[in-house]
file protein-v4.tsv (TSV, C-alpha atoms and all ligand atoms)
chain	number	residue	atom	x	y	z
A	1245	MET	CA	-120.92	38.05	-67.99
A	1246	THR	CA	-123.28	40.18	-70.08
A	1247	ARG	CA	-126.70	38.56	-70.11
A	1248	PHE	CA	-127.91	38.75	-73.71
A	1249	ALA	CA	-131.36	37.66	-74.86
A	1250	SER	CA	-131.68	33.98	-75.75
A	1251	SER	CA	-132.72	35.00	-79.28
A	1252	VAL	CA	-129.25	36.45	-79.98
A	1253	THR	CA	-127.09	34.07	-77.93
A	1254	ASN	CA	-126.58	31.74	-80.87
A	1255	LEU	CA	-125.84	34.43	-83.47
A	1256	ARG	CA	-122.31	33.87	-84.79
A	1257	SER	CA	-120.18	35.59	-87.37
A	1258	SER	CA	-120.12	33.11	-90.24
A	1259	GLU	CA	-116.91	31.24	-90.98
A	1260	ILE	CA	-117.11	32.74	-94.45
A	1261	ARG	CA	-116.95	36.28	-93.10
A	1262	ASP	CA	-113.85	35.37	-91.12
A	1263	LEU	CA	-112.26	33.79	-94.18
A	1264	MET	CA	-113.12	36.81	-96.31
A	1265	SER	CA	-111.31	39.07	-93.89
A	1266	LEU	CA	-108.14	37.22	-94.97
A	1267	ALA	CA	-108.79	38.19	-98.56
A	1268	THR	CA	-107.26	41.63	-98.23
A	1269	ALA	CA	-105.00	41.82	-101.31
A	1270	PRO	CA	-105.87	45.08	-103.09
A	1271	ASP	CA	-106.18	43.43	-106.49
A	1272	ILE	CA	-108.24	40.44	-105.32
A	1273	ILE	CA	-110.94	39.47	-107.80
A	1274	SER	CA	-114.26	39.13	-106.04
A	1275	PHE	CA	-117.02	36.90	-107.32
A	1276	ALA	CA	-118.37	36.89	-103.77
A	1277	GLY	CA	-120.54	39.98	-103.49
A	1278	GLY	CA	-124.20	40.24	-104.37
A	1279	MET	CA	-124.06	43.95	-105.09
A	1280	PRO	CA	-124.51	45.94	-108.29
A	1281	GLY	CA	-121.43	47.21	-110.14
A	1282	ASN	CA	-120.48	50.63	-108.69
A	1283	GLU	CA	-119.76	51.98	-112.15
A	1284	LEU	CA	-123.34	51.21	-113.23
A	1285	PHE	CA	-125.13	53.49	-110.76
A	1286	PRO	CA	-127.16	56.30	-112.43
A	1287	LEU	CA	-125.15	59.11	-110.84
A	1288	GLU	CA	-125.91	61.86	-113.34
A	1289	THR	CA	-129.61	61.08	-113.33
A	1290	LEU	CA	-129.71	61.28	-109.55
A	1291	ASP	CA	-127.76	64.58	-109.62
A	1292	ARG	CA	-130.30	65.97	-112.04
A	1293	ILE	CA	-133.21	64.73	-109.97
A	1294	TYR	CA	-131.86	66.29	-106.79
A	1295	GLN	CA	-131.14	69.61	-108.54
A	1296	SER	CA	-134.69	69.68	-109.88
A	1297	LEU	CA	-136.32	69.39	-106.43
A	1298	THR	CA	-138.13	72.46	-105.12
A	1299	GLU	CA	-137.22	73.91	-101.74
A	1300	LYS	CA	-140.38	72.41	-100.29
A	1301	GLU	CA	-139.55	68.96	-101.70
A	1302	LYS	CA	-136.03	69.17	-100.25
A	1303	GLN	CA	-137.54	69.97	-96.86
A	1304	THR	CA	-139.85	66.97	-97.16
A	1305	ALA	CA	-136.83	64.86	-98.14
A	1306	LEU	CA	-135.07	65.69	-94.87
A	1307	GLN	CA	-138.15	65.30	-92.69
A	1308	TYR	CA	-139.73	62.23	-91.06
A	1309	GLY	CA	-142.49	60.81	-93.24
A	1310	PRO	CA	-145.47	58.48	-92.89
A	1311	THR	CA	-144.57	55.00	-91.61
A	1312	THR	CA	-145.94	53.26	-94.69
A	1313	GLY	CA	-144.21	55.54	-97.22
A	1314	LEU	CA	-144.40	58.96	-98.90
A	1315	PRO	CA	-147.78	59.22	-100.66
A	1316	SER	CA	-146.15	60.34	-103.89
A	1317	LEU	CA	-143.87	57.27	-104.02
A	1318	LEU	CA	-146.72	54.97	-103.09
A	1319	GLU	CA	-148.60	56.36	-106.07
A	1320	SER	CA	-145.77	56.10	-108.60
A	1321	LEU	CA	-144.67	52.69	-107.33
A	1322	SER	CA	-148.27	51.42	-107.49
A	1323	ASP	CA	-148.36	52.44	-111.12
A	1324	TYR	CA	-145.00	50.75	-111.77
A	1325	LEU	CA	-146.11	47.51	-110.10
A	1326	GLU	CA	-149.46	47.54	-111.88
A	1327	LYS	CA	-147.60	47.69	-115.18
A	1328	LYS	CA	-145.77	44.54	-114.03
A	1329	GLY	CA	-149.17	42.87	-113.66
A	1330	LEU	CA	-149.38	42.98	-109.87
A	1331	PRO	CA	-152.78	43.30	-108.14
A	1332	VAL	CA	-152.07	46.61	-106.39
A	1333	LYS	CA	-155.71	47.66	-105.99
A	1334	SER	CA	-156.80	44.54	-104.11
A	1335	ASN	CA	-153.76	44.66	-101.79
A	1336	ARG	CA	-151.87	47.25	-99.72
A	1337	LEU	CA	-148.45	48.61	-100.57
A	1338	MET	CA	-145.91	49.60	-97.90
A	1339	ILE	CA	-142.47	51.15	-98.38
A	1340	THR	CA	-139.79	49.49	-96.26
A	1341	THR	CA	-136.14	50.13	-95.44
A	1342	GLY	CA	-134.79	47.66	-97.99
A	1343	SER	CA	-136.75	44.54	-98.85
A	1344	LEU	CA	-134.81	42.80	-96.10
A	1345	GLN	CA	-136.81	44.90	-93.66
A	1346	ALA	CA	-140.03	43.77	-95.34
A	1347	ILE	CA	-138.92	40.16	-94.80
A	1348	HIS	CA	-138.01	40.89	-91.17
A	1349	ILE	CA	-141.35	42.56	-90.50
A	1350	LEU	CA	-143.23	39.62	-92.02
A	1351	ALA	CA	-141.11	37.21	-89.99
A	1352	LYS	CA	-141.95	39.13	-86.83
A	1353	ALA	CA	-145.61	39.13	-87.76
A	1354	PHE	CA	-145.77	35.36	-88.18
A	1355	ILE	CA	-143.11	33.59	-86.14
A	1356	ASP	CA	-143.27	32.51	-82.51
A	1357	PRO	CA	-140.14	30.79	-81.15
A	1358	GLY	CA	-139.96	27.21	-82.45
A	1359	ASP	CA	-142.49	27.70	-85.26
A	1360	PRO	CA	-141.65	25.79	-88.43
A	1361	VAL	CA	-141.25	27.84	-91.63
A	1362	LEU	CA	-140.61	26.39	-95.08
A	1363	VAL	CA	-137.49	27.65	-96.87
A	1364	GLU	CA	-135.43	26.68	-99.90
A	1365	ASN	CA	-132.14	24.81	-99.83
A	1366	PRO	CA	-130.03	26.63	-100.88
A	1367	GLY	CA	-131.68	29.85	-99.72
A	1368	PHE	CA	-131.03	33.58	-99.41
A	1369	ILE	CA	-128.87	33.99	-96.32
A	1370	GLY	CA	-130.47	37.34	-95.36
A	1371	ALA	CA	-133.93	35.78	-95.07
A	1372	LEU	CA	-132.64	32.66	-93.32
A	1373	SER	CA	-130.89	34.87	-90.75
A	1374	ALA	CA	-134.05	36.93	-90.26
A	1375	PHE	CA	-136.12	33.80	-89.60
A	1376	ARG	CA	-133.44	32.49	-87.24
A	1377	ALA	CA	-133.48	35.81	-85.37
A	1378	TYR	CA	-137.14	35.12	-84.51
A	1379	GLN	CA	-136.17	31.57	-83.49
A	1380	ALA	CA	-138.00	29.80	-86.29
A	1381	ASN	CA	-137.46	26.14	-87.00
A	1382	LEU	CA	-136.20	26.20	-90.63
A	1383	VAL	CA	-137.66	23.31	-92.61
A	1384	SER	CA	-135.86	23.20	-95.93
A	1385	ILE	CA	-136.95	21.99	-99.35
A	1386	PRO	CA	-134.24	21.18	-101.92
A	1387	LEU	CA	-134.18	23.14	-105.16
A	1388	LYS	CA	-134.13	21.61	-108.62
A	1389	GLU	CA	-133.36	23.38	-111.89
A	1390	ASP	CA	-136.94	24.67	-112.22
A	1391	GLY	CA	-137.73	25.44	-108.58
A	1392	MET	CA	-138.61	23.63	-105.39
A	1393	ASP	CA	-138.70	19.83	-105.37
A	1394	ILE	CA	-142.47	19.38	-105.26
A	1395	ASP	CA	-142.37	15.82	-103.89
A	1396	GLN	CA	-140.23	17.02	-101.01
A	1397	LEU	CA	-142.53	19.98	-100.39
A	1398	LYS	CA	-145.48	17.61	-100.22
A	1399	LYS	CA	-143.65	15.36	-97.80
A	1400	ARG	CA	-142.66	18.24	-95.54
A	1401	LEU	CA	-146.21	19.56	-95.56
A	1402	GLU	CA	-147.53	16.15	-94.58
A	1403	THR	CA	-145.00	15.56	-91.80
A	1404	THR	CA	-144.31	18.97	-90.26
A	1405	LEU	CA	-146.23	19.62	-87.07
A	1406	PRO	CA	-147.50	22.13	-86.16
A	1407	ALA	CA	-148.24	23.33	-89.71
A	1408	PRO	CA	-145.56	25.69	-91.09
A	1409	LYS	CA	-146.33	29.38	-90.54
A	1410	PHE	CA	-145.39	30.35	-94.10
A	1411	LEU	CA	-143.33	29.36	-97.10
A	1412	TYR	CA	-140.55	31.71	-98.24
A	1413	TYR	CA	-139.27	31.52	-101.82
A	1414	THR	CA	-137.41	33.54	-104.45
A	1415	PRO	CA	-139.05	33.08	-107.84
A	1416	ASN	CA	-136.65	34.72	-110.29
A	1417	PHE	CA	-132.86	34.55	-110.67
A	1418	HIS	CA	-132.52	32.88	-107.38
A	1419	ASN	CA	-129.89	33.91	-104.87
A	1420	PRO	CA	-127.74	31.78	-104.81
A	1421	ALA	CA	-129.01	29.12	-107.26
A	1422	GLY	CA	-129.48	31.49	-110.22
A	1423	ILE	CA	-132.61	29.64	-111.44
A	1424	ILE	CA	-136.09	30.76	-112.53
A	1425	TYR	CA	-139.08	28.92	-111.08
A	1426	SER	CA	-141.16	27.35	-113.84
A	1427	ARG	CA	-144.84	28.14	-114.13
A	1428	LYS	CA	-145.63	24.49	-113.48
A	1429	VAL	CA	-143.73	24.38	-110.18
A	1430	LYS	CA	-145.41	27.59	-108.98
A	1431	GLN	CA	-148.84	26.18	-109.84
A	1432	GLU	CA	-148.09	22.94	-107.98
A	1433	MET	CA	-146.84	24.89	-104.96
A	1434	MET	CA	-149.99	27.01	-104.91
A	1435	ALA	CA	-152.21	23.95	-105.11
A	1436	LEU	CA	-150.46	22.36	-102.12
A	1437	LEU	CA	-150.41	25.52	-100.00
A	1438	LYS	CA	-153.99	26.44	-100.73
A	1439	GLU	CA	-155.28	23.19	-99.25
A	1440	ARG	CA	-153.54	24.08	-96.00
A	1441	GLU	CA	-153.97	27.86	-96.03
A	1442	ILE	CA	-150.24	28.49	-95.67
A	1443	PRO	CA	-149.13	32.04	-96.61
A	1444	VAL	CA	-146.24	32.68	-98.99
A	1445	ILE	CA	-143.48	35.27	-98.85
A	1446	GLU	CA	-142.54	35.85	-102.49
A	1447	ASP	CA	-139.18	37.63	-102.53
A	1448	ASP	CA	-138.74	39.22	-105.93
A	1449	ALA	CA	-135.51	41.22	-105.68
A	1450	TYR	CA	-134.15	40.40	-109.15
A	1451	SER	CA	-136.96	40.04	-111.68
A	1452	GLU	CA	-136.05	43.19	-113.65
A	1453	LEU	CA	-132.65	41.71	-114.46
A	1454	TYR	CA	-133.75	39.21	-117.12
A	1455	PHE	CA	-131.52	38.57	-120.14
A	1456	TYR	CA	-134.27	37.28	-122.44
A	1457	ASP	CA	-137.72	38.78	-123.03
A	1458	GLU	CA	-139.00	35.32	-123.92
A	1459	ASP	CA	-138.64	34.29	-120.25
A	1460	LEU	CA	-141.19	36.82	-119.04
A	1461	PRO	CA	-144.26	34.55	-119.30
A	1462	GLU	CA	-142.49	31.81	-117.30
A	1463	MET	CA	-141.43	34.40	-114.70
A	1464	ARG	CA	-145.00	35.44	-113.93
A	1465	LEU	CA	-145.26	35.94	-110.20
A	1466	MET	CA	-147.56	34.05	-107.83
A	1467	LYS	CA	-148.72	37.44	-106.63
A	1468	ALA	CA	-149.72	38.39	-110.18
A	1469	THR	CA	-152.11	35.45	-110.28
A	1470	ASP	CA	-153.54	36.65	-106.93
A	1471	PRO	CA	-154.54	33.11	-105.96
A	1472	GLU	CA	-157.67	32.82	-103.90
A	1473	GLY	CA	-157.16	31.13	-100.54
A	1474	ILE	CA	-153.43	31.92	-100.19
A	1475	ASP	CA	-152.06	35.10	-98.66
A	1476	VAL	CA	-149.15	35.97	-100.94
A	1477	CYS	CA	-146.86	38.55	-99.34
A	1478	TYR	CA	-144.87	40.00	-102.20
A	1479	THR	CA	-141.61	41.84	-101.47
A	1480	GLY	CA	-139.48	43.89	-103.86
A	1481	SER	CA	-136.56	46.28	-103.81
A	1482	PHE	CA	-134.97	49.37	-105.31
A	1483	SER	CA	-131.56	47.85	-104.62
A	1484	LYS	CA	-131.15	46.21	-108.01
A	1485	ILE	CA	-133.04	48.80	-110.09
A	1486	LEU	CA	-131.52	51.96	-108.60
A	1487	GLY	CA	-129.08	51.44	-105.71
A	1488	PRO	CA	-128.97	49.50	-102.42
A	1489	GLY	CA	-127.53	52.53	-100.61
A	1490	LEU	CA	-130.98	54.14	-100.72
A	1491	ARG	CA	-132.23	51.28	-98.51
A	1492	LEU	CA	-135.66	51.10	-100.08
A	1493	GLY	CA	-137.91	48.15	-100.64
A	1494	TRP	CA	-141.59	47.36	-100.40
A	1495	MET	CA	-144.21	44.80	-99.56
A	1496	LEU	CA	-147.52	44.27	-101.33
A	1497	VAL	CA	-149.76	42.28	-99.00
A	1498	PRO	CA	-153.41	41.64	-98.09
A	1499	ASP	CA	-155.02	44.32	-95.90
A	1500	GLU	CA	-155.07	42.34	-92.64
A	1501	ILE	CA	-151.35	41.57	-92.87
A	1502	TYR	CA	-150.58	45.17	-93.89
A	1503	ARG	CA	-152.24	46.53	-90.76
A	1504	LYS	CA	-150.17	44.30	-88.48
A	1505	CYS	CA	-146.98	45.10	-90.40
A	1506	GLU	CA	-147.63	48.85	-90.15
A	1507	LEU	CA	-147.67	48.57	-86.35
A	1508	ILE	CA	-144.47	46.53	-86.40
A	1509	LYS	CA	-142.70	49.03	-88.66
A	1510	GLN	CA	-143.77	51.93	-86.46
A	1511	SER	CA	-141.89	50.33	-83.59
A	1512	ILE	CA	-138.77	49.67	-85.66
A	1513	ASP	CA	-137.89	52.85	-87.51
A	1514	ALA	CA	-140.99	55.07	-87.71
A	1515	CYS	CA	-140.38	55.59	-91.43
A	1516	SER	CA	-137.99	54.71	-94.26
A	1517	PRO	CA	-135.58	57.44	-95.45
A	1518	SER	CA	-137.64	60.28	-96.95
A	1519	ILE	CA	-134.77	61.50	-99.11
A	1520	SER	CA	-134.41	58.08	-100.74
A	1521	GLN	CA	-138.15	57.92	-101.31
A	1522	MET	CA	-138.17	61.35	-102.91
A	1523	LEU	CA	-135.38	60.36	-105.35
A	1524	ALA	CA	-136.97	56.98	-106.12
A	1525	ASP	CA	-140.32	58.62	-106.78
A	1526	LYS	CA	-138.88	61.01	-109.36
A	1527	PHE	CA	-136.81	58.18	-110.86
A	1528	ILE	CA	-140.04	56.34	-111.61
A	1529	ARG	CA	-142.16	59.37	-112.57
A	1530	ARG	CA	-139.64	60.69	-115.10
A	1531	GLY	CA	-139.42	57.23	-116.67
A	1532	ASP	CA	-135.71	56.94	-115.79
A	1533	VAL	CA	-136.29	53.55	-114.20
A	1534	TYR	CA	-137.25	52.05	-117.55
A	1535	ASN	CA	-134.19	53.36	-119.43
A	1536	TYR	CA	-131.90	52.46	-116.58
A	1537	THR	CA	-133.11	48.88	-116.15
A	1538	ALA	CA	-132.90	48.36	-119.93
A	1539	ASN	CA	-129.24	49.48	-119.83
A	1540	ILE	CA	-128.18	47.40	-116.85
A	1541	ARG	CA	-129.96	44.34	-118.24
A	1542	GLU	CA	-127.67	44.59	-121.27
A	1543	GLU	CA	-124.55	45.00	-119.14
A	1544	TYR	CA	-125.38	42.15	-116.74
A	1545	LYS	CA	-126.20	39.96	-119.72
A	1546	LYS	CA	-122.70	40.61	-121.14
A	1547	ARG	CA	-121.20	39.72	-117.77
A	1548	GLY	CA	-123.40	36.65	-117.35
A	1549	LEU	CA	-122.53	35.36	-120.82
A	1550	ALA	CA	-118.82	36.02	-120.20
A	1551	MET	CA	-119.14	34.03	-116.97
A	1552	ILE	CA	-120.85	31.12	-118.72
A	1553	GLY	CA	-118.25	31.15	-121.51
A	1554	ALA	CA	-115.31	31.18	-119.09
A	1555	LEU	CA	-116.80	28.49	-116.86
A	1556	GLU	CA	-117.43	26.26	-119.88
A	1557	ALA	CA	-113.89	26.82	-121.12
A	1558	PHE	CA	-112.01	26.28	-117.86
A	1559	LEU	CA	-113.99	24.17	-115.39
A	1560	PRO	CA	-113.33	20.45	-115.18
A	1561	ALA	CA	-116.21	18.40	-116.63
A	1562	TYR	CA	-117.24	17.12	-113.19
A	1563	VAL	CA	-118.41	20.60	-112.14
A	1564	THR	CA	-121.92	21.35	-113.38
A	1565	PHE	CA	-124.09	24.47	-113.36
A	1566	GLU	CA	-127.35	25.90	-114.68
A	1567	LYS	CA	-126.64	28.72	-117.12
A	1568	PRO	CA	-128.02	31.92	-115.60
A	1569	ARG	CA	-130.71	33.68	-117.65
A	1570	GLY	CA	-130.62	36.86	-115.57
A	1571	GLY	CA	-129.74	38.19	-112.13
A	1572	PHE	CA	-126.32	38.11	-110.51
A	1573	TYR	CA	-125.33	34.53	-109.80
A	1574	THR	CA	-124.07	31.16	-111.01
A	1575	TRP	CA	-124.24	28.17	-108.72
A	1576	LEU	CA	-121.59	25.49	-109.22
A	1577	GLN	CA	-122.23	21.90	-108.24
A	1578	LEU	CA	-119.00	20.14	-107.23
A	1579	PRO	CA	-118.57	16.35	-106.90
A	1580	GLU	CA	-120.59	15.03	-103.95
A	1581	GLY	CA	-118.81	15.49	-100.64
A	1582	SER	CA	-116.35	18.16	-101.92
A	1583	ASN	CA	-115.35	20.89	-99.52
A	1584	ALA	CA	-115.91	24.37	-100.95
A	1585	THR	CA	-114.21	25.95	-97.92
A	1586	ALA	CA	-110.92	24.22	-98.77
A	1587	ILE	CA	-111.32	25.38	-102.38
A	1588	LEU	CA	-111.97	28.93	-101.18
A	1589	LYS	CA	-108.75	28.91	-99.13
A	1590	LYS	CA	-106.84	27.83	-102.24
A	1591	ALA	CA	-108.66	30.44	-104.35
A	1592	ILE	CA	-107.75	33.23	-101.91
A	1593	GLU	CA	-104.07	32.30	-102.31
A	1594	LYS	CA	-104.56	32.73	-106.05
A	1595	GLY	CA	-106.27	36.11	-105.64
A	1596	VAL	CA	-109.94	35.29	-106.19
A	1597	VAL	CA	-112.95	34.80	-103.91
A	1598	PHE	CA	-116.48	33.34	-104.11
A	1599	VAL	CA	-119.01	32.18	-101.49
A	1600	THR	CA	-119.10	28.58	-100.23
A	1601	GLY	CA	-122.25	26.50	-100.55
A	1602	LYS	CA	-122.87	25.87	-96.88
A	1603	THR	CA	-123.42	29.59	-96.30
A	1604	PHE	CA	-126.77	29.12	-98.05
A	1605	ASP	CA	-127.73	25.79	-96.50
A	1606	PRO	CA	-130.38	26.37	-93.82
A	1607	ASP	CA	-128.68	23.58	-91.85
A	1608	GLY	CA	-125.20	25.02	-92.57
A	1609	ILE	CA	-123.82	21.67	-93.73
A	1610	LYS	CA	-123.96	21.01	-97.48
A	1611	ASN	CA	-120.71	22.37	-98.90
A	1612	ASP	CA	-120.20	20.66	-102.26
A	1613	CYS	CA	-121.41	23.73	-104.12
A	1614	MET	CA	-120.47	27.38	-104.43
A	1615	ARG	CA	-121.87	30.73	-105.58
A	1616	VAL	CA	-119.94	32.70	-108.16
A	1617	SER	CA	-121.43	36.11	-108.92
A	1618	PHE	CA	-120.85	38.14	-112.06
A	1619	CYS	CA	-122.52	41.41	-111.01
A	1620	ASN	CA	-119.63	43.40	-109.64
A	1621	THR	CA	-116.83	42.45	-112.05
A	1622	ASP	CA	-116.43	43.53	-115.67
A	1623	VAL	CA	-116.09	41.08	-118.56
A	1624	GLU	CA	-112.29	41.29	-118.67
A	1625	THR	CA	-111.99	40.57	-114.93
A	1626	ILE	CA	-114.40	37.65	-115.23
A	1627	ARG	CA	-112.15	36.17	-117.93
A	1628	ARG	CA	-109.08	36.60	-115.73
A	1629	GLY	CA	-110.71	35.32	-112.53
A	1630	VAL	CA	-112.56	32.20	-113.65
A	1631	PRO	CA	-109.40	30.25	-114.67
A	1632	LEU	CA	-108.06	30.85	-111.13
A	1633	ILE	CA	-111.21	29.36	-109.61
A	1634	ALA	CA	-110.92	26.41	-111.99
A	1635	GLU	CA	-107.29	25.88	-110.89
A	1636	ALA	CA	-108.28	25.94	-107.22
A	1637	ILE	CA	-111.06	23.39	-107.86
A	1638	LYS	CA	-108.73	21.07	-109.77
A	1639	GLU	CA	-106.04	21.27	-107.09
A	1640	MET	CA	-108.56	20.22	-104.42
A	1641	CYS	CA	-110.86	17.83	-106.34
A	1642	GLY	CA	-108.61	16.45	-109.07
A	1643	PRO	CA	-107.92	17.23	-112.76
B	1	LIG	C1	-133.02	37.29	-102.71
B	1	LIG	C2	-132.82	38.61	-102.04
B	1	LIG	N1	-133.83	39.16	-101.38
B	1	LIG	C3	-133.71	40.33	-100.74
B	1	LIG	C4	-132.51	41.02	-100.75
B	1	LIG	C5	-132.42	42.27	-99.92
B	1	LIG	O1	-132.34	43.39	-100.65
B	1	LIG	P1	-132.53	44.84	-100.01
B	1	LIG	O2	-132.71	44.74	-98.53
B	1	LIG	O3	-131.28	45.56	-100.38
B	1	LIG	O4	-133.75	45.39	-100.67
B	1	LIG	C6	-131.42	40.50	-101.45
B	1	LIG	C7	-130.14	41.20	-101.44
B	1	LIG	O5	-129.13	40.78	-101.94
B	1	LIG	C8	-131.57	39.26	-102.10
B	1	LIG	O6	-130.57	38.68	-102.76
call {"tool": "encode", "arguments": {"input": "protein-v4.tsv", "output": "structure tokens"}}
result
Amino acid sequence: MTRFASSVTNLRSSEIRDLMSLATAPDIISFAGGMPGNELFPLETLDRIYQSLTEKEKQTALQYGPTTGLPSLLESLSDYLEKKGLPVKSNRLMITTGSLQAIHILAKAFIDPGDPVLVENPGFIGALSAFRAYQANLVSIPLKEDGMDIDQLKKRLETTLPAPKFLYYTPNFHNPAGIIYSRKVKQEMMALLKEREIPVIEDDAYSELYFYDEDLPEMRLMKATDPEGIDVCYTGSFSKILGPGLRLGWMLVPDEIYRKCELIKQSIDACSPSISQMLADKFIRRGDVYNYTANIREEYKKRGLAMIGALEAFLPAYVTFEKPRGGFYTWLQLPEGSNATAILKKAIEKGVVFVTGKTFDPDGIKNDCMRVSFCNTDVETIRRGVPLIAEAIKEMCGP
């Protein structure tokens, strides 16, 4: 028998992946993916950017680059993040291969096997898997409509020994819960963590995708307040503001953490793709990023509102959800004890898919909830697909 490392022995393909492989009908409607709409990518802009590169820039684009990122992108991205109110000057910025790599590097920097880390329930599966890969003990805090349940956080902090290595959270347009953390919850979290000097990983993949300008003050990041006494490791991504195929993200972290992460990244991939960095740099410098995000905000808002409208029209009253105010996702709460996997099987028969709740439960158990995304389907498809989901729910949970 092949003798794998103990850290990978327990890695399994999720049940959901196996189920999804059954959903092969060519016209299946997918509310499962967390990816941008293909038709929304800025293809012409990228063509123009590539055409405008000098020979020397094209050579740089195909060459290895510095581990921490191309200087030109670090400069333009610093400017971009400063405009968002982030404390770039008092921290260090590193380009990573997707923000998932930033999360992995931070996990590697902090976690020894068995170490407790604080995560949300439900939580982003990519981060949970990364922490599991380093054999962390996931200690989960339930989410409410405005963020983490603070009483539960307090309890976990008081009872978890040894002290958790960090807290990981997703402040805006949560994946999968769709919520925004309120300012109050973030302040209470910071107060609790500061006492205990517990660092935070603030995963901000979606904050450009807000539907309403009026939410911006509430969305202010922990990192933007640069709280004294807490190391906030802020991660972000080009995946939702340009394209995930570029595989570009970043971390903005205190100097000591940056230096450790640089060494870790060197050993992983030496550098992130130079060609992606070159395109992303020009995309920011020419101001394209601002026009593009304004356009996709409008489109995702149309899709999000269509999703809300269809869910309100077709779902039975016993299914509840928070109306998304940005991002990609709606999170449906089914009657307690319902089985989203059985509903998914029914939904696949009807030609529609979503993701079951337990996929996002750090303990892999709670399944009376489901994630329905509206990012990769147009308004008309949303209106056709939601009634099918409602039918599947009613057939399994009652009229
Ligand atoms: C909450 C969250 N964080 C991070 C990521 C990773 O993004 P990427 O590695 O493409 O930058 C995703 C991707 O869906 C996400 O939903």
call {"tool": "closest_residue", "arguments": {"input": "protein-v4.tsv", "among": "A:Ser1322, A:Pro1357, A:Pro1415, A:Leu1284", "to": "Ile1540 (chain A)", "atoms": "all atoms listed in the file"}}
result
A:Leu1284
call {"tool": "residues_near_ligand", "arguments": {"input": "protein-v4.tsv", "ligand": "ligand LIG 1 (chain B)", "cutoff": "7 Å", "atoms": "only C-alpha atoms and all ligand atoms", "output": "PyMOL selection string"}}
result
chain A and resi 1278-1279+1342-1345+1368+1370+1414+1418-1419+1447-1449+1480-1483+1488+1491-1493
call {"tool": "closest_residue", "arguments": {"input": "protein-v4.tsv", "among": "A:Leu1496, A:Met1551, A:Ile1272, A:Ile1587", "to": "Ser1334 (chain A)", "atoms": "all atoms listed in the file"}}
result
A:Leu1496
call {"tool": "atom_distance", "arguments": {"input": "protein-v4.tsv", "atom1": "CA of Leu1490 (chain A)", "atom2": "CA of Thr1469 (chain A)"}}
result
29.8 Å
call {"tool": "residues_near_point", "arguments": {"input": "protein-v4.tsv", "point": "(-144.1, 16.4, -103.4)", "cutoff": "12 Å", "atoms": "only C-alpha atoms", "output": "VMD selection string"}}
result
chain A and resid 1385 to 1386 1392 to 1403 1429 1432 to 1433 1435 to 1437
call {"tool": "atom_distance", "arguments": {"input": "protein-v4.tsv", "atom1": "CA of Arg1547 (chain A)", "atom2": "CA of Glu1639 (chain A)"}}
result
26.2 Å
call {"tool": "atom_distance", "arguments": {"input": "protein-v4.tsv", "atom1": "CA of Thr1289 (chain A)", "atom2": "CA of Asn1535 (chain A)"}}
result
10.9 Å
call {"tool": "residues_around", "arguments": {"input": "protein-v4.tsv", "residues": "region 1605-1621 of chain A", "least_positions_apart": "3", "cutoff": "7 Å", "atoms": "only C-alpha atoms", "output": "MDAnalysis selection string"}}
result
chainID A and resid 1275:1281 1365:1367 1372 1382 1384 1420 1544 1547:1548 1551 1572:1584 1598:1602 1625:1626
call {"tool": "write_last_selection", "arguments": {"input": "protein-v4.tsv", "atoms": "C-alpha atoms", "output": "mmCIF file, in the frame of the given file"}}
result
data_model
loop_
_atom_site.group_PDB
_atom_site.id
_atom_site.type_symbol
_atom_site.label_atom_id
_atom_site.label_comp_id
_atom_site.auth_asym_id
_atom_site.auth_seq_id
_atom_site.Cartn_x
_atom_site.Cartn_y
_atom_site.Cartn_z
ATOM 1 C CA PHE A 1275 -117.020 36.900 -107.320
ATOM 2 C CA ALA A 1276 -118.370 36.890 -103.770
ATOM 3 C CA GLY A 1277 -120.540 39.980 -103.490
ATOM 4 C CA GLY A 1278 -124.200 40.240 -104.370
ATOM 5 C CA MET A 1279 -124.060 43.950 -105.090
ATOM 6 C CA PRO A 1280 -124.510 45.940 -108.290
ATOM 7 C CA GLY A 1281 -121.430 47.210 -110.140
ATOM 8 C CA ASN A 1365 -132.140 24.810 -99.830
ATOM 9 C CA PRO A 1366 -130.030 26.630 -100.880
ATOM 10 C CA GLY A 1367 -131.680 29.850 -99.720
ATOM 11 C CA LEU A 1372 -132.640 32.660 -93.320
ATOM 12 C CA LEU A 1382 -136.200 26.200 -90.630
ATOM 13 C CA SER A 1384 -135.860 23.200 -95.930
ATOM 14 C CA PRO A 1420 -127.740 31.780 -104.810
ATOM 15 C CA TYR A 1544 -125.380 42.150 -116.740
ATOM 16 C CA ARG A 1547 -121.200 39.720 -117.770
ATOM 17 C CA GLY A 1548 -123.400 36.650 -117.350
ATOM 18 C CA MET A 1551 -119.140 34.030 -116.970
ATOM 19 C CA PHE A 1572 -126.320 38.110 -110.510
ATOM 20 C CA TYR A 1573 -125.330 34.530 -109.800
ATOM 21 C CA THR A 1574 -124.070 31.160 -111.010
ATOM 22 C CA TRP A 1575 -124.240 28.170 -108.720
ATOM 23 C CA LEU A 1576 -121.590 25.490 -109.220
ATOM 24 C CA GLN A 1577 -122.230 21.900 -108.240
ATOM 25 C CA LEU A 1578 -119.000 20.140 -107.230
ATOM 26 C CA PRO A 1579 -118.570 16.350 -106.900
ATOM 27 C CA GLU A 1580 -120.590 15.030 -103.950
ATOM 28 C CA GLY A 1581 -118.810 15.490 -100.640
ATOM 29 C CA SER A 1582 -116.350 18.160 -101.920
ATOM 30 C CA ASN A 1583 -115.350 20.890 -99.520
ATOM 31 C CA ALA A 1584 -115.910 24.370 -100.950
ATOM 32 C CA PHE A 1598 -116.480 33.340 -104.110
ATOM 33 C CA VAL A 1599 -119.010 32.180 -101.490
ATOM 34 C CA THR A 1600 -119.100 28.580 -100.230
ATOM 35 C CA GLY A 1601 -122.250 26.500 -100.550
ATOM 36 C CA LYS A 1602 -122.870 25.870 -96.880
ATOM 37 C CA THR A 1625 -111.990 40.570 -114.930
ATOM 38 C CA ILE A 1626 -114.400 37.650 -115.230
#
